[in-house]
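A.B. asks: Please see the structure below; I have some questions.
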Amino acid sequence: MRQEALKVSPSSQPSMTKKQSKYDEYKRRRKILLKSQAYIVGLISLLALWSIWGTGFNLLSLVFGTYEILVFIFTDMFPPDLSVIGSLISPALDTLYMSYVGMVISVLVSLILGVLAANNLSPHWIVARVSRSVTAFLRSVPAVVWAIILVSGIGLGPLTGTIAIGLSGIGILGKAYAEVLESIDENQLEGVRATGANWFQVIGQAVWPQFKAGFVSWSLYKLDMNIREAAILGLVGAGGLGYYLQGSINLFQYKEAATAILMIFALILLVEYMTAKIRERII
Amino acid sequence: MIKNKETFRQQKKVQNSIFTFLAFAFFVFSMLQLNIVPERIVRSIDRLGYIFSNMFPPVTNEPLNLFGAAIESIQVAILGTILGVLISLFLAVLAAKNLTFSPYLSYFIKAFAGFVRAVPALIWALLFIVAVGLGPTPGILALAINSIGMLVKVYGEALEEIDMGIVEALESAGATKLQVILQGVFPSVLTAFTAWSLFRLDVNIRYSAILGVVGAGGIGWELMKAAQMSRYDEALMVTIVIFGMVMSAEVISEFMKKRTNAATAQALN
């Protein structure tokens with residue numbers, strides 16, 4: 001593509017009137033853009049066709065699916081059975097506790113991994129590389145996958161969910177902390193070091209004040225995410241609201257399931273509101 | 001003045017320590033409520049060690065099945081993203097305050113997107129399975145609808161930030177509404193839209209890997225099978241394949257982004 005551009009451009013340069021050469025230039029640029037767009041659109045259409053062929057997806061099922069889900073929601077799930085709210089409060093609180101404990105665990109581990117992974121603080125570049133790979137692996141594997149493996153090993157219940165949330169949280173927070181730490185101002189570190197401060201004093205007086213805002217907002221963001229994850233971890237048996245939801249759907253109690261979904265919705269909104277307030281207050 | 005500053009600082013310090021204490025107290029309280037006591041932690045560490053030692057080396061008995069399931073997951077993610085993007089493009093125009101026909105329609109679509117976004121993809125999959133049956137179709141639909149929730153929001157925000165001068169210029173040249181949107185609006189938000197769509201593809205690949213857990217096809221089901229039979233070595237293999245899927249998606253979207261940017265840069269210089 002670059003070669004072609006080089007071929008075209010000299011021909012548009014020599015002694016033409018200014019207007020014409022500009023128009024040629026415009027045509028040349030437009031051609032490059034159109035070609036790139038055609039390439040992208042072609043690639044996407046090919047991918048789409050390949051996927052339709054592979055999954056046996058019928059475009060009509062988009063229409064039918066929408067229709068069916070509307071019928072299902074409005075006849076089977078509506079109105080939600082609000083009488084079960086009482087028995088939903090304890091799983092909802094479990095979900096909340098799971099995401100909080102999971103967040104604290106991942107914050108503690110990520111602080112260590114983050115410092116080790118940040119290029120400017122890491123004791124050695126090999127340590128940084130290893131710490132980066134660990135977080136990358138933990139980040140790329142969804143929490144539900146950890147939960148499935150742990151459920152068969154440790155057993156059903158909220159402990160499993162908490163560990164799974166903690167593990168996947170380490171992946172996200174470890175990377176985020178390392179990035180925040182790498183972007184801090186080195187001069188302040190130099191300044192504090194020049195006064196003869198030891199490593200802990202440098203961290204406390206020079207790193208922490210700069211790191212605090214990023215640390216708080218990333219940790220709270222993770223708490224937001226955790227609530228969503230904790231709500232679905234129950235689907236594989238790791239406790240909380242999802243467990244109740246799975247149970248009521250298996251028993252065809254769709255009106256109860258609707259209440260559980262509304263509860264998850266309310267919990268997510270509540271936690272988002274609270275983390276926004278805390279963030280405002282601290283930063 | 002100096003004294004005031006000093007007391008203010010002290011107050012702040014006291015407040016900070018109260019917050020730290022509350023956070024810690026809530027942590028302990030949550031642990032107790034979840035019945036996570038030291039004895040159980042020790043026991044679960046034992047179990048974790050057992051799982052870990054059984055995980056290596058990762059094996060698979062049916063490499064073809066596993067590969068097919070991974071491909072199916074990727075296809076589900078691609079179709080879910082494409083459908084989600086197409087529908088969101090349409091809805092976002094109606095939801096953006098500066099382009100919509102009526103503000104009520106805008107509020108309605110935003111509220112709908114907010115609700116759809118707040119319900120996790122896996123729950124949508126569960127509902128679609130009940131509505132349309134097992135297989136990849138409910139997975140595709142669940143990913144599409146969950147993507148709509150997010151994309152309508154971010155597309156709408158991008159559309160609301162565009163330079164209205166372009167729209168006015170086109171309108172005064174006598175362009176119809178559709179022409180204004182295609183010629184004036186979309187080109188100015190193309191970069192943001194591409195970035196968000198690729199990000200969503202990334203998210204969808206992660207989701208599609210776990211949709212099989214509830215029976216919506218793909219690699220999640222293989223993982224479920226391995227874990228239920230306590231074959232941790234097979235489960236690790238599936239996990240590694242999922243890891244590979246997610247990583248390759250990142251590489252591909254990076255490549256496409258680079259290519260588009262390179263072409264644009266070439267056309268502009």
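Identifiers for the structure tokens are assigned positionally: chains receive A, B, ... in sequence, residues are indexed from 1 per chain, and ligands are indexed from 1 in the order shown.
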Which residues are near stretch 60-72 of chain B? Cut-off 6 Å, only C-alpha atoms, ignore same chain within fewer than 5 positions. Put them as a list in words.
C.D. replies: Gly218, Ile219 and Glu234 of chain B
A.B. asks: Kindly save the residues from that selection, with C-alpha atoms included, as a PDB file, in the first residue's frame.
C.D. replies:
```pdb
ATOM      1  CA  GLY B 218     -18.757 -22.970  23.256  1.00  0.00           C
ATOM      2  CA  ILE B 219     -15.757 -23.751  25.372  1.00  0.00           C
ATOM      3  CA  GLU B 234      -8.036 -31.086  31.618  1.00  0.00           C
TER       4      GLU B 234
END
```
A.B. asks: DSSP on the backbone: what in stretch 37-171 of chain A comes out helix (DSSP H, G or I), as a short mmCIF file (atom, residue, chain, number, x, y, z; two decimals) with N, CA and C atoms, in the first residue's frame?
C.D. replies:
```
data_model
loop_
_atom_site.label_atom_id
_atom_site.label_comp_id
_atom_site.auth_asym_id
_atom_site.auth_seq_id
_atom_site.Cartn_x
_atom_site.Cartn_y
_atom_site.Cartn_z
N GLN A 37 -10.99 1.17 3.95
CA GLN A 37 -12.34 0.86 4.43
C GLN A 37 -12.88 -0.41 3.80
N ALA A 38 -12.64 -0.54 2.50
CA ALA A 38 -13.13 -1.73 1.81
C ALA A 38 -12.50 -2.98 2.41
N TYR A 39 -11.21 -2.86 2.72
CA TYR A 39 -10.48 -3.98 3.32
C TYR A 39 -11.10 -4.37 4.65
N ILE A 40 -11.37 -3.36 5.49
CA ILE A 40 -11.94 -3.63 6.82
C ILE A 40 -13.34 -4.23 6.69
N VAL A 41 -14.17 -3.59 5.83
CA VAL A 41 -15.54 -4.08 5.68
C VAL A 41 -15.53 -5.50 5.14
N GLY A 42 -14.64 -5.75 4.17
CA GLY A 42 -14.54 -7.10 3.62
C GLY A 42 -14.16 -8.10 4.68
N LEU A 43 -13.19 -7.75 5.49
CA LEU A 43 -12.73 -8.65 6.55
C LEU A 43 -13.86 -8.95 7.53
N ILE A 44 -14.60 -7.89 7.90
CA ILE A 44 -15.68 -8.07 8.86
C ILE A 44 -16.78 -8.95 8.26
N SER A 45 -17.11 -8.72 6.96
CA SER A 45 -18.16 -9.54 6.35
C SER A 45 -17.73 -10.99 6.28
N LEU A 46 -16.45 -11.21 5.94
CA LEU A 46 -15.95 -12.59 5.89
C LEU A 46 -16.08 -13.24 7.26
N LEU A 47 -15.66 -12.52 8.29
CA LEU A 47 -15.76 -13.05 9.66
C LEU A 47 -17.21 -13.37 10.00
N ALA A 48 -18.11 -12.46 9.61
CA ALA A 48 -19.52 -12.66 9.91
C ALA A 48 -20.04 -13.91 9.21
N LEU A 49 -19.71 -14.04 7.91
CA LEU A 49 -20.19 -15.22 7.17
C LEU A 49 -19.65 -16.50 7.79
N TRP A 50 -18.36 -16.47 8.11
CA TRP A 50 -17.72 -17.64 8.71
C TRP A 50 -18.42 -18.01 10.03
N SER A 51 -18.76 -16.99 10.82
CA SER A 51 -19.40 -17.26 12.10
C SER A 51 -20.81 -17.76 11.92
N ILE A 52 -21.53 -17.20 10.93
CA ILE A 52 -22.90 -17.65 10.69
C ILE A 52 -22.88 -19.11 10.26
N TRP A 53 -21.90 -19.43 9.38
CA TRP A 53 -21.78 -20.82 8.92
C TRP A 53 -21.43 -21.72 10.09
N GLY A 54 -20.53 -21.27 10.95
CA GLY A 54 -20.04 -22.11 12.04
C GLY A 54 -21.06 -22.36 13.12
N THR A 55 -21.85 -21.35 13.46
CA THR A 55 -22.77 -21.51 14.58
C THR A 55 -24.17 -21.89 14.12
N LEU A 60 -33.13 -14.87 10.97
CA LEU A 60 -34.53 -14.76 11.39
C LEU A 60 -34.66 -14.92 12.89
N SER A 61 -33.73 -15.68 13.48
CA SER A 61 -33.86 -15.93 14.91
C SER A 61 -33.61 -14.66 15.71
N LEU A 62 -33.06 -13.64 15.05
CA LEU A 62 -32.97 -12.34 15.71
C LEU A 62 -34.38 -11.82 15.99
N VAL A 63 -35.24 -11.96 14.96
CA VAL A 63 -36.63 -11.52 15.11
C VAL A 63 -37.36 -12.42 16.09
N PHE A 64 -37.25 -13.75 15.84
CA PHE A 64 -37.95 -14.68 16.72
C PHE A 64 -37.46 -14.56 18.15
N GLY A 65 -36.13 -14.44 18.29
CA GLY A 65 -35.55 -14.36 19.63
C GLY A 65 -36.09 -13.16 20.38
N THR A 66 -36.15 -12.01 19.70
CA THR A 66 -36.68 -10.81 20.35
C THR A 66 -38.13 -11.04 20.76
N TYR A 67 -38.87 -11.62 19.83
CA TYR A 67 -40.28 -11.89 20.13
C TYR A 67 -40.41 -12.83 21.33
N GLU A 68 -39.66 -13.94 21.26
CA GLU A 68 -39.77 -14.96 22.32
C GLU A 68 -39.38 -14.39 23.69
N ILE A 69 -38.29 -13.60 23.70
CA ILE A 69 -37.84 -13.11 25.00
C ILE A 69 -38.83 -12.10 25.56
N LEU A 70 -39.47 -11.32 24.66
CA LEU A 70 -40.48 -10.38 25.14
C LEU A 70 -41.66 -11.13 25.72
N VAL A 71 -42.11 -12.17 24.98
CA VAL A 71 -43.23 -12.97 25.47
C VAL A 71 -42.87 -13.58 26.81
N PHE A 72 -41.64 -14.13 26.87
CA PHE A 72 -41.20 -14.79 28.09
C PHE A 72 -41.17 -13.81 29.26
N ILE A 73 -40.60 -12.62 29.01
CA ILE A 73 -40.48 -11.66 30.12
C ILE A 73 -41.85 -11.18 30.56
N PHE A 74 -42.73 -10.91 29.58
CA PHE A 74 -43.98 -10.28 29.98
C PHE A 74 -45.06 -11.26 30.41
N THR A 75 -44.97 -12.52 29.98
CA THR A 75 -45.99 -13.45 30.47
C THR A 75 -45.48 -14.31 31.62
N ASP A 76 -44.24 -14.83 31.51
CA ASP A 76 -43.77 -15.75 32.54
C ASP A 76 -43.13 -15.05 33.72
N LEU A 82 -42.97 -10.59 44.52
CA LEU A 82 -42.25 -9.80 45.52
C LEU A 82 -42.28 -10.43 46.91
N SER A 83 -43.05 -11.51 47.07
CA SER A 83 -43.15 -12.09 48.40
C SER A 83 -41.87 -12.80 48.83
N VAL A 84 -40.96 -13.08 47.85
CA VAL A 84 -39.74 -13.80 48.21
C VAL A 84 -38.60 -12.86 48.60
N ILE A 85 -38.90 -11.54 48.59
CA ILE A 85 -37.82 -10.59 48.88
C ILE A 85 -37.14 -10.89 50.22
N GLY A 86 -37.95 -11.28 51.19
CA GLY A 86 -37.41 -11.57 52.52
C GLY A 86 -36.30 -12.60 52.47
N SER A 87 -36.53 -13.68 51.72
CA SER A 87 -35.52 -14.73 51.67
C SER A 87 -34.37 -14.37 50.75
N LEU A 88 -34.50 -13.25 50.02
CA LEU A 88 -33.42 -12.85 49.11
C LEU A 88 -32.41 -11.94 49.78
N ILE A 89 -32.79 -11.40 50.95
CA ILE A 89 -31.91 -10.40 51.56
C ILE A 89 -30.59 -11.02 51.97
N SER A 90 -30.66 -12.23 52.53
CA SER A 90 -29.40 -12.82 52.99
C SER A 90 -28.46 -13.18 51.83
N PRO A 91 -28.94 -13.79 50.71
CA PRO A 91 -28.03 -13.97 49.57
C PRO A 91 -27.50 -12.66 49.01
N ALA A 92 -28.35 -11.61 49.04
CA ALA A 92 -27.89 -10.32 48.52
C ALA A 92 -26.74 -9.79 49.37
N LEU A 93 -26.90 -9.92 50.71
CA LEU A 93 -25.81 -9.46 51.58
C LEU A 93 -24.56 -10.30 51.35
N ASP A 94 -24.76 -11.62 51.15
CA ASP A 94 -23.61 -12.49 50.86
C ASP A 94 -22.86 -11.98 49.64
N THR A 95 -23.62 -11.63 48.60
CA THR A 95 -23.00 -11.12 47.37
C THR A 95 -22.16 -9.88 47.69
N LEU A 96 -22.74 -9.00 48.51
CA LEU A 96 -22.04 -7.77 48.89
C LEU A 96 -20.75 -8.10 49.64
N TYR A 97 -20.86 -8.99 50.64
CA TYR A 97 -19.68 -9.35 51.44
C TYR A 97 -18.62 -9.98 50.56
N MET A 98 -19.07 -10.90 49.66
CA MET A 98 -18.12 -11.58 48.79
C MET A 98 -17.33 -10.57 47.97
N SER A 99 -18.05 -9.58 47.40
CA SER A 99 -17.31 -8.65 46.54
C SER A 99 -16.39 -7.77 47.36
N TYR A 100 -16.80 -7.44 48.58
CA TYR A 100 -15.93 -6.59 49.40
C TYR A 100 -14.68 -7.35 49.83
N VAL A 101 -14.88 -8.54 50.39
CA VAL A 101 -13.72 -9.32 50.84
C VAL A 101 -12.81 -9.63 49.64
N GLY A 102 -13.42 -9.98 48.50
CA GLY A 102 -12.64 -10.24 47.30
C GLY A 102 -11.81 -9.04 46.90
N MET A 103 -12.43 -7.86 47.02
CA MET A 103 -11.69 -6.65 46.66
C MET A 103 -10.51 -6.44 47.59
N VAL A 104 -10.75 -6.60 48.91
CA VAL A 104 -9.66 -6.37 49.86
C VAL A 104 -8.51 -7.33 49.59
N ILE A 105 -8.84 -8.61 49.35
CA ILE A 105 -7.78 -9.58 49.06
C ILE A 105 -6.99 -9.15 47.83
N SER A 106 -7.73 -8.79 46.76
CA SER A 106 -6.99 -8.46 45.53
C SER A 106 -6.21 -7.17 45.69
N VAL A 107 -6.73 -6.23 46.49
CA VAL A 107 -5.97 -4.99 46.72
C VAL A 107 -4.65 -5.31 47.42
N LEU A 108 -4.72 -6.15 48.47
CA LEU A 108 -3.50 -6.45 49.23
C LEU A 108 -2.46 -7.12 48.34
N VAL A 109 -2.89 -8.17 47.61
CA VAL A 109 -1.92 -8.88 46.77
C VAL A 109 -1.42 -7.99 45.64
N SER A 110 -2.35 -7.21 45.05
CA SER A 110 -1.96 -6.38 43.90
C SER A 110 -0.98 -5.29 44.29
N LEU A 111 -1.08 -4.79 45.53
CA LEU A 111 -0.14 -3.76 45.95
C LEU A 111 1.28 -4.31 45.84
N ILE A 112 1.45 -5.55 46.34
CA ILE A 112 2.79 -6.16 46.27
C ILE A 112 3.18 -6.38 44.81
N LEU A 113 2.27 -7.04 44.05
CA LEU A 113 2.59 -7.36 42.65
C LEU A 113 2.79 -6.09 41.83
N GLY A 114 1.99 -5.05 42.15
CA GLY A 114 2.09 -3.81 41.40
C GLY A 114 3.45 -3.16 41.59
N VAL A 115 3.91 -3.10 42.86
CA VAL A 115 5.22 -2.51 43.12
C VAL A 115 6.30 -3.32 42.42
N LEU A 116 6.16 -4.66 42.46
CA LEU A 116 7.16 -5.51 41.82
C LEU A 116 7.15 -5.34 40.31
N ALA A 117 5.95 -5.05 39.74
CA ALA A 117 5.84 -4.99 38.28
C ALA A 117 6.19 -3.62 37.72
N TRP A 125 14.52 -6.38 36.78
CA TRP A 125 13.58 -6.43 35.65
C TRP A 125 12.98 -7.81 35.46
N ILE A 126 13.69 -8.89 35.88
CA ILE A 126 13.11 -10.23 35.74
C ILE A 126 11.90 -10.37 36.66
N VAL A 127 12.03 -9.82 37.88
CA VAL A 127 10.90 -9.83 38.82
C VAL A 127 9.71 -9.12 38.20
N ALA A 128 9.99 -7.96 37.56
CA ALA A 128 8.91 -7.20 36.94
C ALA A 128 8.23 -8.02 35.85
N ARG A 129 9.05 -8.68 35.01
CA ARG A 129 8.51 -9.49 33.93
C ARG A 129 7.61 -10.60 34.47
N VAL A 130 8.11 -11.32 35.49
CA VAL A 130 7.35 -12.44 36.06
C VAL A 130 6.03 -11.93 36.64
N SER A 131 6.11 -10.85 37.40
CA SER A 131 4.91 -10.31 38.03
C SER A 131 3.90 -9.86 36.97
N ARG A 132 4.39 -9.29 35.87
CA ARG A 132 3.51 -8.89 34.78
C ARG A 132 2.81 -10.10 34.15
N SER A 133 3.58 -11.17 33.93
CA SER A 133 2.97 -12.34 33.29
C SER A 133 1.90 -12.95 34.19
N VAL A 134 2.18 -13.00 35.51
CA VAL A 134 1.19 -13.56 36.43
C VAL A 134 -0.10 -12.76 36.35
N THR A 135 0.00 -11.42 36.41
CA THR A 135 -1.22 -10.62 36.37
C THR A 135 -1.91 -10.76 35.02
N ALA A 136 -1.12 -10.85 33.93
CA ALA A 136 -1.75 -10.97 32.61
C ALA A 136 -2.54 -12.26 32.53
N PHE A 137 -1.99 -13.35 33.07
CA PHE A 137 -2.70 -14.63 33.02
C PHE A 137 -3.98 -14.55 33.85
N LEU A 138 -3.85 -14.01 35.09
CA LEU A 138 -5.04 -13.93 35.95
C LEU A 138 -6.10 -13.03 35.33
N ARG A 139 -5.67 -12.01 34.60
CA ARG A 139 -6.62 -11.07 34.02
C ARG A 139 -7.37 -11.68 32.85
N SER A 140 -6.67 -12.52 32.08
CA SER A 140 -7.29 -13.04 30.87
C SER A 140 -8.26 -14.18 31.13
N ALA A 143 -13.44 -14.63 35.99
CA ALA A 143 -13.65 -15.09 37.37
C ALA A 143 -14.48 -16.37 37.41
N VAL A 144 -15.45 -16.47 36.47
CA VAL A 144 -16.32 -17.65 36.49
C VAL A 144 -15.51 -18.93 36.27
N VAL A 145 -14.47 -18.83 35.44
CA VAL A 145 -13.64 -20.01 35.19
C VAL A 145 -12.94 -20.44 36.49
N TRP A 146 -12.40 -19.48 37.21
CA TRP A 146 -11.79 -19.81 38.50
C TRP A 146 -12.82 -20.45 39.41
N ALA A 147 -14.02 -19.85 39.41
CA ALA A 147 -15.07 -20.36 40.30
C ALA A 147 -15.41 -21.80 39.97
N ILE A 148 -15.50 -22.13 38.68
CA ILE A 148 -15.86 -23.50 38.30
C ILE A 148 -14.82 -24.48 38.82
N ILE A 149 -13.54 -24.13 38.61
CA ILE A 149 -12.48 -25.04 39.06
C ILE A 149 -12.48 -25.16 40.58
N LEU A 150 -12.67 -24.02 41.26
CA LEU A 150 -12.60 -24.04 42.72
C LEU A 150 -13.81 -24.73 43.35
N VAL A 151 -14.99 -24.59 42.69
CA VAL A 151 -16.19 -25.22 43.25
C VAL A 151 -15.98 -26.72 43.36
N SER A 152 -15.36 -27.31 42.32
CA SER A 152 -15.18 -28.76 42.39
C SER A 152 -14.07 -29.13 43.36
N GLY A 153 -13.19 -28.18 43.68
CA GLY A 153 -12.10 -28.49 44.60
C GLY A 153 -12.42 -28.18 46.05
N ILE A 154 -12.88 -26.95 46.30
CA ILE A 154 -13.13 -26.53 47.68
C ILE A 154 -14.56 -26.82 48.10
N PRO A 158 -19.88 -19.43 49.51
CA PRO A 158 -19.33 -18.10 49.27
C PRO A 158 -17.80 -18.03 49.34
N LEU A 159 -17.16 -18.92 50.10
CA LEU A 159 -15.71 -18.86 50.19
C LEU A 159 -15.08 -19.01 48.80
N THR A 160 -15.63 -19.98 48.03
CA THR A 160 -15.16 -20.20 46.67
C THR A 160 -15.30 -18.94 45.82
N GLY A 161 -16.48 -18.34 45.91
CA GLY A 161 -16.73 -17.14 45.12
C GLY A 161 -15.76 -16.03 45.49
N THR A 162 -15.51 -15.90 46.80
CA THR A 162 -14.61 -14.85 47.25
C THR A 162 -13.21 -15.04 46.67
N ILE A 163 -12.72 -16.29 46.73
CA ILE A 163 -11.37 -16.54 46.20
C ILE A 163 -11.34 -16.26 44.70
N ALA A 164 -12.39 -16.71 43.98
CA ALA A 164 -12.41 -16.50 42.53
C ALA A 164 -12.39 -15.01 42.20
N ILE A 165 -13.19 -14.23 42.92
CA ILE A 165 -13.22 -12.79 42.67
C ILE A 165 -11.88 -12.17 42.98
N GLY A 166 -11.28 -12.63 44.10
CA GLY A 166 -9.97 -12.11 44.47
C GLY A 166 -8.94 -12.39 43.39
N LEU A 167 -8.93 -13.62 42.87
CA LEU A 167 -7.95 -14.00 41.85
C LEU A 167 -8.06 -13.13 40.61
N SER A 168 -9.31 -12.99 40.09
CA SER A 168 -9.43 -12.23 38.85
C SER A 168 -9.19 -10.75 39.13
N GLY A 169 -9.46 -10.31 40.36
CA GLY A 169 -9.19 -8.92 40.70
C GLY A 169 -7.71 -8.60 40.69
N ILE A 170 -6.89 -9.57 41.14
CA ILE A 170 -5.44 -9.35 41.15
C ILE A 170 -4.96 -9.02 39.74
N GLY A 171 -5.53 -9.72 38.75
CA GLY A 171 -5.12 -9.48 37.37
C GLY A 171 -5.34 -8.04 36.96
#
```
A.B. asks: Please determine, counting only C-alpha atoms, which residue among B:Ile210, B:Ile166, B:Val189, B:Met237 has the shortest atom-to-atom distance to chain A.
C.D. replies: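 Ranked by minimum distance to chain A, first place goes to B:Ile210.
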A.B. asks: Which of these, B:Val238, B:Met31, B:Leu268, B:Leu151, has the shortest distance to B:Ala226 once you count only C-alpha atoms?
C.D. replies: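 Answer, going by the shortest atom-to-atom distance: B:Val238.
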A.B. asks: For chain B, which of A:Pro209, A:Gly247, A:Gly174, A:Gly56 is the closest residue, counting only C-alpha atoms?
C.D. replies: A:Gly56
A.B. asks: With only C-alpha atoms as the counted atoms, please give the residues lying no more than 6 Å from stretch 140-146 of chain B, apart from itself and same-chain residues fewer than 3 positions off, as a PyMOL selection string.
C.D. replies: chain B and resi 76+80-81+83-84+117+121+124-125+137+149
A.B. asks: Which polymer residues have any atom within 9 Å of an atom of B:Ala158, counting only C-alpha atoms, with same-chain residues fewer than 5 positions away left out, as a PDB file with C-alpha atoms, in the first residue's frame?
C.D. replies:
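The resulting file, selection00.pdb, is shown below:
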```pdb
ATOM      1  CA  ALA B  96     -28.295  11.309  21.332  1.00  0.00           C
ATOM      2  CA  LYS B 153     -24.319   4.622  26.115  1.00  0.00           C
ATOM      3  CA  VAL B 189     -17.202   9.815  15.455  1.00  0.00           C
ATOM      4  CA  ALA B 192     -14.370   6.608  18.834  1.00  0.00           C
ATOM      5  CA  PHE B 193     -16.870   4.096  17.460  1.00  0.00           C
TER       6      PHE B 193
END
```
A.B. asks: Just want the 10 Å neighbourhood of A:Ser217, counted on only C-alpha atoms, with same-chain residues fewer than 6 positions away dropped. Output as a VMD selection string.
C.D. replies: chain A and resid 223 275 to 276 278 to 280 282 to 283
A.B. asks: Report as a ChimeraX atom specification all protein, DNA and RNA residues lying within 12 Å of B:Phe186, evaluated on only C-alpha atoms, omitting residues in the same chain fewer than 3 positions from it.
C.D. replies: /B:89-90,92-93,99,155-156,158-160,162-163,166-167,178-183,189-194
A.B. asks: The selected residues should be written to file as a compact mmCIF listing (two decimals), in the first residue's frame (atoms: C-alpha atoms).
C.D. replies:
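Final file, part_21.txt:
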```
# COMPACT_ATOMS: atom_id res chain seq x y z
CA LEU B 89 -25.58 2.49 15.73
CA PHE B 90 -29.26 2.88 14.97
CA ALA B 92 -27.54 5.65 19.54
CA VAL B 93 -28.60 8.18 16.90
CA LEU B 99 -29.91 14.24 16.86
CA TYR B 155 -21.89 5.87 21.18
CA GLY B 156 -24.54 8.28 22.44
CA ALA B 158 -19.63 10.40 21.50
CA LEU B 159 -22.51 11.64 19.30
CA GLU B 160 -23.51 14.29 21.82
CA ILE B 162 -19.74 16.28 18.00
CA ASP B 163 -19.31 19.69 16.44
CA ILE B 166 -20.87 20.28 10.59
CA VAL B 167 -24.51 19.29 10.94
CA LEU B 178 -30.11 10.56 6.72
CA GLN B 179 -27.53 12.35 4.58
CA VAL B 180 -26.52 14.55 7.53
CA ILE B 181 -25.96 11.49 9.68
CA LEU B 182 -24.07 9.49 7.06
CA GLN B 183 -21.94 12.35 5.68
CA VAL B 189 -17.20 9.81 15.45
CA LEU B 190 -15.68 6.97 13.44
CA THR B 191 -12.50 6.72 15.53
CA ALA B 192 -14.37 6.61 18.83
CA PHE B 193 -16.87 4.10 17.46
CA THR B 194 -14.14 1.80 16.14
```
A.B. asks: Do you know which residues are at most 7 Å from A:Arg193 counting only C-alpha atoms, after dropping those on the same chain fewer than 4 positions away, and could you put them as JSON, numbers by chain?
C.D. replies: {"A": [189, 197, 202]}
